[in-house]
file target.cif (mmCIF, C-alpha atoms and all ligand atoms)
data_protein
loop_
_atom_site.label_atom_id
_atom_site.label_comp_id
_atom_site.auth_asym_id
_atom_site.auth_seq_id
_atom_site.Cartn_x
_atom_site.Cartn_y
_atom_site.Cartn_z
CA MET A 1 13.27 21.88 -3.98
CA THR A 2 9.93 21.83 -2.21
CA ALA A 3 6.95 20.75 -4.32
CA PRO A 4 4.38 23.50 -4.95
CA ARG A 5 1.47 23.72 -2.55
CA ILE A 6 -1.94 24.36 -4.01
CA ASP A 7 -4.98 25.70 -2.23
CA LEU A 8 -8.35 24.17 -3.04
CA PRO A 9 -11.46 26.32 -2.71
CA GLY A 10 -12.89 24.39 0.27
CA ALA A 11 -9.60 24.36 2.07
CA GLN A 12 -9.03 28.05 1.44
CA SER A 13 -12.25 28.94 3.15
CA ALA A 14 -11.28 26.70 6.05
CA GLY A 15 -7.89 28.45 6.17
CA ARG A 16 -5.98 25.21 5.46
CA ARG A 17 -3.29 24.65 2.86
CA ILE A 18 -3.32 21.56 0.67
CA ALA A 19 -0.30 19.28 0.95
CA PRO A 20 0.15 15.69 2.07
CA PRO A 21 1.15 15.31 5.73
CA THR A 22 4.83 15.57 6.62
CA LEU A 23 4.13 12.89 9.24
CA TRP A 24 1.24 10.41 9.07
CA ASP A 25 -0.57 10.00 12.39
CA PRO A 26 0.42 7.08 14.68
CA VAL A 27 -2.61 4.93 13.76
CA VAL A 28 -1.85 5.12 10.02
CA ARG A 29 1.83 4.33 10.65
CA LEU A 30 1.15 1.50 13.10
CA THR A 31 -1.45 -0.15 10.88
CA HIS A 32 0.68 0.33 7.75
CA TRP A 33 3.86 -1.26 9.07
CA GLY A 34 2.01 -3.88 11.12
CA ILE A 35 0.04 -5.02 8.08
CA ALA A 36 3.05 -4.82 5.73
CA ALA A 37 5.28 -6.91 8.02
CA SER A 38 2.58 -9.50 8.78
CA VAL A 39 1.62 -9.90 5.11
CA LEU A 40 5.23 -10.41 4.04
CA LEU A 41 5.84 -12.90 6.87
CA ASN A 42 2.67 -14.87 6.10
CA ALA A 43 3.24 -14.89 2.36
CA LEU A 44 6.93 -15.75 2.46
CA VAL A 45 7.97 -17.19 5.82
CA THR A 46 5.32 -18.84 8.02
CA GLY A 47 3.77 -22.20 7.18
CA GLY A 48 0.20 -21.89 5.88
CA GLY A 49 -2.19 -22.90 8.66
CA SER A 50 0.42 -22.88 11.47
CA LEU A 51 -0.36 -21.12 14.77
CA ILE A 52 1.99 -18.25 13.94
CA HIS A 53 0.36 -17.89 10.49
CA VAL A 54 -3.14 -17.75 11.93
CA SER A 55 -2.02 -15.40 14.74
CA LEU A 56 -0.46 -12.98 12.27
CA GLY A 57 -3.59 -13.30 10.14
CA TRP A 58 -5.73 -12.28 13.12
CA LEU A 59 -3.36 -9.41 13.83
CA VAL A 60 -3.86 -8.23 10.25
CA MET A 61 -7.65 -8.43 10.70
CA ALA A 62 -7.44 -6.28 13.86
CA LEU A 63 -5.13 -3.71 12.22
CA LEU A 64 -7.28 -3.59 9.08
CA LEU A 65 -10.40 -3.02 11.16
CA MET A 66 -8.61 -0.30 13.12
CA ARG A 67 -7.54 1.45 9.90
CA LEU A 68 -11.03 1.23 8.40
CA VAL A 69 -12.59 2.77 11.53
CA TRP A 70 -9.86 5.44 11.39
CA GLY A 71 -10.90 6.15 7.80
CA ALA A 72 -14.23 7.35 9.19
CA LEU A 73 -13.11 8.91 12.50
CA GLY A 74 -9.43 9.85 12.14
CA PRO A 75 -7.78 13.17 11.23
CA SER A 76 -8.76 14.69 7.88
CA GLU A 77 -5.82 13.31 5.85
CA ALA A 78 -6.52 9.75 7.07
CA ARG A 79 -10.21 9.85 6.12
CA PHE A 80 -11.57 8.07 3.06
CA SER A 81 -13.08 11.38 1.94
CA ALA A 82 -9.52 12.76 1.53
CA PHE A 83 -8.52 10.07 -0.98
CA PRO A 84 -11.58 8.77 -2.86
CA PRO A 85 -11.04 5.86 -5.27
CA ASN A 86 -11.15 7.45 -8.72
CA PRO A 87 -9.41 5.53 -11.55
CA LEU A 88 -9.71 8.46 -13.98
CA SER A 89 -8.03 10.83 -11.53
CA ALA A 90 -5.34 8.20 -10.97
CA LEU A 91 -4.61 8.03 -14.71
CA ARG A 92 -4.63 11.83 -14.92
CA HIS A 93 -2.21 12.02 -12.01
CA LEU A 94 0.18 9.54 -13.66
CA ARG A 95 0.00 11.48 -16.93
CA ASP A 96 0.65 14.79 -15.12
CA MET A 97 3.54 13.22 -13.25
CA MET A 98 5.16 12.10 -16.50
CA ARG A 99 4.81 15.67 -17.79
CA GLY A 100 6.26 17.00 -14.55
CA SER A 101 3.11 19.02 -13.83
CA GLN A 102 1.53 17.06 -11.00
CA ARG A 103 -0.36 18.89 -8.27
CA ASP A 104 -0.53 18.37 -4.53
CA TYR A 105 -3.21 16.41 -2.71
CA PRO A 106 -4.18 16.57 0.96
CA SER A 107 -3.65 12.82 1.44
CA HIS A 108 -2.60 9.93 -0.83
CA ASN A 109 -2.49 11.02 -4.46
CA PRO A 110 -5.20 9.37 -6.66
CA ALA A 111 -2.84 6.59 -7.82
CA GLY A 112 -1.78 5.85 -4.23
CA ALA A 113 -5.44 5.87 -3.22
CA ILE A 114 -6.32 3.16 -5.76
CA MET A 115 -3.42 1.10 -4.45
CA ALA A 116 -4.60 1.49 -0.82
CA TYR A 117 -8.16 0.35 -1.66
CA ALA A 118 -6.82 -2.55 -3.75
CA PHE A 119 -4.71 -3.65 -0.74
CA TRP A 120 -7.61 -3.39 1.68
CA ALA A 121 -10.01 -5.30 -0.59
CA THR A 122 -7.46 -8.07 -1.18
CA LEU A 123 -6.65 -8.24 2.54
CA ALA A 124 -10.36 -8.69 3.26
CA VAL A 125 -10.47 -11.60 0.79
CA VAL A 126 -7.33 -13.24 2.24
CA THR A 127 -8.49 -12.99 5.85
CA LEU A 128 -12.09 -14.06 5.18
CA THR A 129 -10.98 -17.13 3.23
CA GLY A 130 -8.49 -17.86 6.05
CA LEU A 131 -11.39 -17.79 8.52
CA VAL A 132 -13.42 -20.16 6.33
CA MET A 133 -10.52 -22.63 6.16
CA THR A 134 -9.96 -22.63 9.93
CA GLY A 135 -13.65 -22.65 10.85
CA GLY A 136 -13.12 -19.30 12.64
CA ALA A 137 -10.86 -20.81 15.37
CA THR A 138 -9.04 -17.98 17.17
CA PRO A 139 -5.35 -18.28 18.07
CA MET A 140 -6.45 -18.28 21.73
CA GLN A 141 -8.72 -21.29 21.12
CA VAL A 142 -5.83 -23.05 19.46
CA ALA A 143 -3.37 -22.12 22.23
CA SER A 144 -5.75 -23.26 24.99
CA ASP A 145 -6.10 -26.70 23.45
CA LYS A 146 -4.35 -29.05 25.88
CA ALA A 147 -3.59 -31.68 23.26
CA ALA A 148 -1.92 -29.13 21.05
CA VAL A 149 0.04 -27.70 23.98
CA ALA A 150 1.21 -31.19 24.99
CA SER A 151 2.25 -32.16 21.48
CA GLY A 152 3.42 -28.70 20.45
CA ASP A 153 1.87 -29.49 17.07
CA TRP A 154 -0.13 -26.34 16.46
CA SER A 155 -0.29 -26.70 12.72
CA ALA A 156 -1.93 -30.14 13.02
CA LEU A 157 -4.73 -28.61 15.04
CA ILE A 158 -5.30 -25.82 12.56
CA ARG A 159 -5.05 -28.21 9.68
CA GLU A 160 -7.85 -30.30 11.22
CA GLY A 161 -10.21 -27.37 10.89
CA ARG A 162 -8.80 -26.63 7.47
CA ASP A 163 -9.24 -30.17 6.25
CA ASP A 164 -12.81 -30.32 7.52
CA ALA A 165 -13.52 -27.17 5.58
CA GLY A 166 -11.47 -28.48 2.69
CA GLU A 167 -13.90 -31.35 2.22
CA SER A 168 -16.67 -28.97 1.31
CA PRO A 169 -16.68 -27.12 -2.01
CA LEU A 170 -16.68 -23.89 0.01
CA GLY A 171 -13.52 -24.92 1.88
CA GLU A 172 -11.76 -25.94 -1.30
CA ALA A 173 -12.75 -22.72 -3.03
CA ALA A 174 -11.56 -20.76 0.02
CA GLU A 175 -8.17 -22.46 -0.14
CA GLU A 176 -7.76 -21.64 -3.84
CA VAL A 177 -8.90 -18.04 -3.45
CA HIS A 178 -6.68 -17.61 -0.35
CA GLU A 179 -3.55 -18.54 -2.24
CA VAL A 180 -4.41 -16.49 -5.33
CA ALA A 181 -5.20 -13.44 -3.16
CA ALA A 182 -1.95 -13.90 -1.18
CA ASN A 183 -0.01 -13.87 -4.46
CA LEU A 184 -1.95 -10.82 -5.58
CA LEU A 185 -0.89 -9.09 -2.35
CA LEU A 186 2.75 -9.76 -3.20
CA LEU A 187 2.25 -8.38 -6.71
CA LEU A 188 0.55 -5.26 -5.33
CA ALA A 189 3.37 -4.85 -2.78
CA ALA A 190 6.00 -4.94 -5.54
CA LEU A 191 4.05 -2.37 -7.61
CA HIS A 192 3.45 -0.29 -4.49
CA VAL A 193 7.10 -0.08 -3.46
CA ALA A 194 8.15 0.69 -7.04
CA GLY A 195 5.41 3.34 -7.20
CA VAL A 196 6.52 4.95 -3.93
CA PHE A 197 10.10 5.29 -5.17
CA VAL A 198 9.14 6.51 -8.66
CA GLU A 199 6.73 9.08 -7.19
CA SER A 200 9.26 10.21 -4.57
CA ARG A 201 11.75 10.85 -7.35
CA ALA A 202 9.31 12.51 -9.71
CA MET A 203 7.82 14.75 -7.01
CA ARG A 204 11.21 15.41 -5.38
CA ARG A 205 9.64 14.51 -2.05
CA ASN A 206 10.55 11.59 0.20
CA LEU A 207 7.22 9.77 0.63
CA VAL A 208 8.65 7.13 2.97
CA ALA A 209 9.80 9.56 5.69
CA PRO A 210 6.24 10.68 6.65
CA MET A 211 5.30 6.99 7.01
CA LEU A 212 8.26 6.50 9.40
CA LEU A 213 9.29 9.34 11.69
CA GLY A 214 8.37 12.43 9.73
CA GLU A 215 10.00 14.84 7.36
CA ARG A 216 11.26 18.29 8.14
CA ARG A 217 9.92 20.89 5.74
CA LYS A 218 12.54 23.47 4.82
C1 LIG A 301 -2.72 -11.84 6.39
C2 LIG A 301 -2.46 -12.27 5.26
C3 LIG A 301 -2.27 -13.72 4.87
C4 LIG A 301 -1.42 -14.13 3.90
C5 LIG A 301 -0.51 -13.26 3.05
C6 LIG A 301 -1.56 -15.57 3.81
C7 LIG A 301 -0.86 -16.34 2.90
C8 LIG A 301 -0.99 -17.71 2.77
C9 LIG A 301 -0.29 -18.52 1.80
C10 LIG A 301 0.68 -17.99 0.74
C11 LIG A 301 -0.66 -19.80 2.01
C12 LIG A 301 -0.18 -21.03 1.23
C13 LIG A 301 0.98 -21.56 2.04
C14 LIG A 301 1.43 -22.94 1.65
O1 LIG A 301 0.66 -23.66 1.03
O2 LIG A 301 2.54 -23.27 2.03
C15 LIG A 301 -1.59 -19.82 3.11
C16 LIG A 301 -2.18 -20.95 3.64
C17 LIG A 301 -3.06 -20.95 4.68
N1 LIG A 301 -3.51 -19.86 5.40
FE1 LIG A 301 -2.99 -17.96 5.07
N2 LIG A 301 -2.47 -16.00 4.74
C18 LIG A 301 -2.94 -14.91 5.41
C19 LIG A 301 -3.90 -14.90 6.43
C20 LIG A 301 -4.50 -16.03 6.94
C21 LIG A 301 -5.53 -16.04 7.97
C22 LIG A 301 -6.14 -14.79 8.60
C23 LIG A 301 -5.84 -17.34 8.22
C24 LIG A 301 -6.84 -17.93 9.19
C25 LIG A 301 -7.57 -17.24 10.04
C26 LIG A 301 -5.04 -18.17 7.33
C27 LIG A 301 -5.06 -19.55 7.27
C28 LIG A 301 -4.40 -20.32 6.35
C29 LIG A 301 -4.50 -21.75 6.28
C30 LIG A 301 -5.36 -22.66 7.14
C31 LIG A 301 -3.67 -22.16 5.21
C32 LIG A 301 -3.41 -23.58 4.72
C33 LIG A 301 -4.06 -23.78 3.37
C34 LIG A 301 -3.58 -25.07 2.72
O3 LIG A 301 -2.38 -25.25 2.54
O4 LIG A 301 -4.41 -25.90 2.44
N3 LIG A 301 -4.24 -17.33 6.56
N4 LIG A 301 -1.79 -18.52 3.54
C1 LIG A 302 3.07 -5.96 1.83
C2 LIG A 302 3.60 -4.80 2.12
C3 LIG A 302 2.84 -3.49 2.11
C4 LIG A 302 1.50 -3.24 2.19
C5 LIG A 302 0.36 -4.27 2.30
C6 LIG A 302 1.33 -1.81 2.14
C7 LIG A 302 0.10 -1.17 2.16
C8 LIG A 302 -0.09 0.20 2.15
C9 LIG A 302 -1.35 0.85 2.31
C10 LIG A 302 -2.70 0.14 2.50
C11 LIG A 302 -1.13 2.19 2.26
C12 LIG A 302 -2.15 3.29 2.54
C13 LIG A 302 -1.90 3.70 3.99
C14 LIG A 302 -3.09 4.23 4.77
O1 LIG A 302 -3.73 5.20 4.36
O2 LIG A 302 -3.40 3.65 5.82
C15 LIG A 302 0.27 2.38 2.05
C16 LIG A 302 0.90 3.61 1.95
C17 LIG A 302 2.26 3.76 1.88
N1 LIG A 302 3.22 2.76 1.89
FE1 LIG A 302 2.89 0.79 1.96
N2 LIG A 302 2.55 -1.20 2.05
C18 LIG A 302 3.49 -2.20 2.04
C19 LIG A 302 4.86 -2.03 1.99
C20 LIG A 302 5.49 -0.82 1.95
C21 LIG A 302 6.92 -0.65 1.94
C22 LIG A 302 7.97 -1.78 1.96
C23 LIG A 302 7.15 0.69 1.89
C24 LIG A 302 8.48 1.40 1.86
C25 LIG A 302 9.10 1.62 0.77
C26 LIG A 302 5.86 1.35 1.88
C27 LIG A 302 5.68 2.70 1.85
C28 LIG A 302 4.46 3.34 1.83
C29 LIG A 302 4.31 4.79 1.77
C30 LIG A 302 5.44 5.81 1.68
C31 LIG A 302 2.94 5.05 1.78
C32 LIG A 302 2.28 6.44 1.70
C33 LIG A 302 2.22 6.81 0.25
C34 LIG A 302 1.68 8.21 0.08
O3 LIG A 302 2.36 9.14 0.48
O4 LIG A 302 0.55 8.34 -0.41
N3 LIG A 302 4.88 0.40 1.91
N4 LIG A 302 0.89 1.15 1.98
#
call {"tool": "encode", "arguments": {"input": "target.cif", "output": "structure tokens", "more": "lines below"}}
Ligand code: HEM
Ligand code: HEM
result
Amino acid sequence: MTAPRIDLPGAQSAGRRIAPPTLWDPVVRLTHWGIAASVLLNALVTGGGSLIHVSLGWLVMALLLMRLVWGALGPSEARFSAFPPNPLSALRHLRDMMRGSQRDYPSHNPAGAIMAYAFWATLAVVTLTGLVMTGGATPMQVASDKAAVASGDWSALIREGRDDAGESPLGEAAEEVHEVAANLLLLLAALHVAGVFVESRAMRRNLVAPMLLGERRK
């Protein structure tokens, strides 16, 4: 069964119908999966402070920046204006969903929107504290260091910057906040994936397909 589509006044006058996209645009999909994979790898697999960890961290910064610019310049459903952060609307949406009377939205629903902003804010904290710990050294700076290349000990080089920063109260605070925020990201990810599956079931619409290769509307 296809979920009902609802026209909003503004959209009606513009001749558009309100429904979430059946396929998110390439920038949203690229940044979503790039960030998701890098976060999971950095939180669960790579060694904190290693070259691969810092490189993935920089990749996340680039993808996050790209997504935030896209939120201002991208297609209508990707814009911040299409999914404003509104906790009351989020609660109302969850209540409506439990009653089986939820409506359609042109982008993320209000609960999904809160989750997206929570992710982005936490990602900003994780990456900024990472930069403080490493003194802003880029992966290229690390890779071009002859001593590190000769020894192959990338993590030692990063750790040097980290330890210098770690001596200051700011560095120590950054380290603490970095780890707490990384754990928060994992918690959000678990809630997020559970939310996506619960919503997909409740709305009888596969939410994952539009984030992958698209969904055919019957
Ligand atoms: C993108 C998301 C990121 C996640 C999920 C993440 C996660 C983590 C976690 C869980 C640790 C603790 C690891 C351990 O102690 O074994 C850690 C440590 C560390 N991370 Fe990240 N990180 C991210 C990004 C970054 C970035 C962008 C940088 C630097 C530019 C960075 C630099 C460091 C450093 C230097 C440590 C070592 C801290 C210490 O053990 O004293 N991280 N990170
Ligand atoms: C650490 C891992 C993850 C992070 C940080 C993350 C983050 C996000 C963010 C920020 C958004 C908003 C997208 C945008 O507008 O650019 C989003 C949406 C979405 N994510 Fe994830 N995600 C993660 C893992 C996953 C996984 C494993 C799945 C698959 C089950 C998934 C499925 C989705 C879907 C379907 C949406 C769109 C929801 C909607 O229709 O409103 N995510 N995610």
call {"tool": "closest_residue", "arguments": {"input": "target.cif", "among": "A:Asn183, A:Gln141, A:Thr46, A:Asn86", "to": "Val126 of chain A", "atoms": "only C-alpha atoms"}}
result
A:Asn183
call {"tool": "axis_aligned_box", "arguments": {"input": "target.cif", "around": "ligand LIG 301 (chain A)", "padding_each_side": "6 Å", "output": "JSON"}}
result
{"center_x": -2.5, "center_y": -18.9, "center_z": 5.4, "size_x": 22.1, "size_y": 26.1, "size_z": 21.3}
call {"tool": "atom_distance", "arguments": {"input": "target.cif", "atom1": "atom N2 of ligand LIG 301 (chain A)", "atom2": "atom CA of His178 of chain A"}}
result
6.8 Å
call {"tool": "closest_residue", "arguments": {"input": "target.cif", "among": "A:His108, A:His32, A:His192, A:His93", "to": "Val60 of chain A", "atoms": "all atoms listed in the file"}}
result
A:His32
call {"tool": "residues_around", "arguments": {"input": "target.cif", "residues": "Ala111 of chain A", "least_positions_apart": "3", "cutoff": "7 Å", "atoms": "all atoms listed in the file", "output": "list in words"}}
result
Ala90, His93, Ile114 and Met115 of chain A
call {"tool": "atom_distance", "arguments": {"input": "target.cif", "atom1": "atom C9 of ligand LIG 302 (chain A)", "atom2": "atom CA of Leu63 of chain A"}}
result
11.5 Å
call {"tool": "closest_atom_pairs", "arguments": {"input": "target.cif", "of": "chain A", "to": "ligand LIG 301 (chain A)", "cutoff": "7 Å", "atoms": "all atoms listed in the file", "output": "CSV"}}
result
residue,atom,partner,partner_atom,distance
A:Ser38,CA,A:LIG301,C1,6.3
A:Val39,CA,A:LIG301,C5,4.5
A:Leu40,CA,A:LIG301,C5,6.5
A:Asn42,CA,A:LIG301,C5,4.7
A:Ala43,CA,A:LIG301,C5,4.1
A:Leu44,CA,A:LIG301,C10,6.9
A:Gly47,CA,A:LIG301,O2,5.4
A:Gly48,CA,A:LIG301,C16,3.4
A:Gly49,CA,A:LIG301,C29,3.5
A:His53,CA,A:LIG301,N3,6.1
A:Val54,CA,A:LIG301,C23,4.6
A:Leu56,CA,A:LIG301,C1,6.4
A:Gly57,CA,A:LIG301,C22,3.3
A:Trp58,CA,A:LIG301,C22,5.2
A:Val60,CA,A:LIG301,C1,5.4
A:Met61,CA,A:LIG301,C22,6.9
A:Leu123,CA,A:LIG301,C2,6.4
A:Val126,CA,A:LIG301,C19,5.7
A:Thr127,CA,A:LIG301,C22,4.0
A:Leu128,CA,A:LIG301,C22,6.9
A:Gly130,CA,A:LIG301,C23,3.5
A:Leu131,CA,A:LIG301,C25,4.1
A:Met133,CA,A:LIG301,C30,5.3
A:Thr134,CA,A:LIG301,C30,5.4
A:Gly136,CA,A:LIG301,C25,6.5
A:Ile158,CA,A:LIG301,C30,6.3
A:Arg159,CA,A:LIG301,C30,6.1
A:Arg162,CA,A:LIG301,C30,5.3
A:Glu175,CA,A:LIG301,C33,5.6
A:His178,CA,A:LIG301,N4,6.3
A:Glu179,CA,A:LIG301,C9,5.2
A:Ala182,CA,A:LIG301,C5,4.5
A:Asn183,CA,A:LIG301,C10,6.7
A:Leu185,CA,A:LIG301,C5,6.8
call {"tool": "atom_distance", "arguments": {"input": "target.cif", "atom1": "atom CA of Leu91 of chain A", "atom2": "atom CA of Leu23 of chain A"}}
result
26.0 Å
call {"tool": "closest_residue", "arguments": {"input": "target.cif", "among": "A:Val132, A:Ala143, A:Leu59, A:Ala181", "to": "Ser168 of chain A", "atoms": "only C-alpha atoms"}}
result
A:Val132
call {"tool": "residues_near_point", "arguments": {"input": "target.cif", "point": "(-12.1, 10.3, 2.6)", "cutoff": "12 Å", "atoms": "all atoms listed in the file", "output": "VMD selection string"}}
result
chain A and resid 68 to 86 106 to 110 113 117
call {"tool": "closest_residue", "arguments": {"input": "target.cif", "among": "A:Met66, A:Leu94, A:Leu186, A:Val45", "to": "Ala202 of chain A", "atoms": "all atoms listed in the file"}}
result
A:Leu94
call {"tool": "closest_residue", "arguments": {"input": "target.cif", "among": "A:Ser101, A:Thr122, A:Ser89, A:Thr138", "to": "ligand LIG 302 (chain A)", "atoms": "all atoms listed in the file"}}
result
A:Thr122
call {"tool": "closest_residue", "arguments": {"input": "target.cif", "among": "A:Thr129, A:Arg67, A:Arg204, A:Met211", "to": "Trp33 of chain A", "atoms": "only C-alpha atoms"}}
result
A:Met211
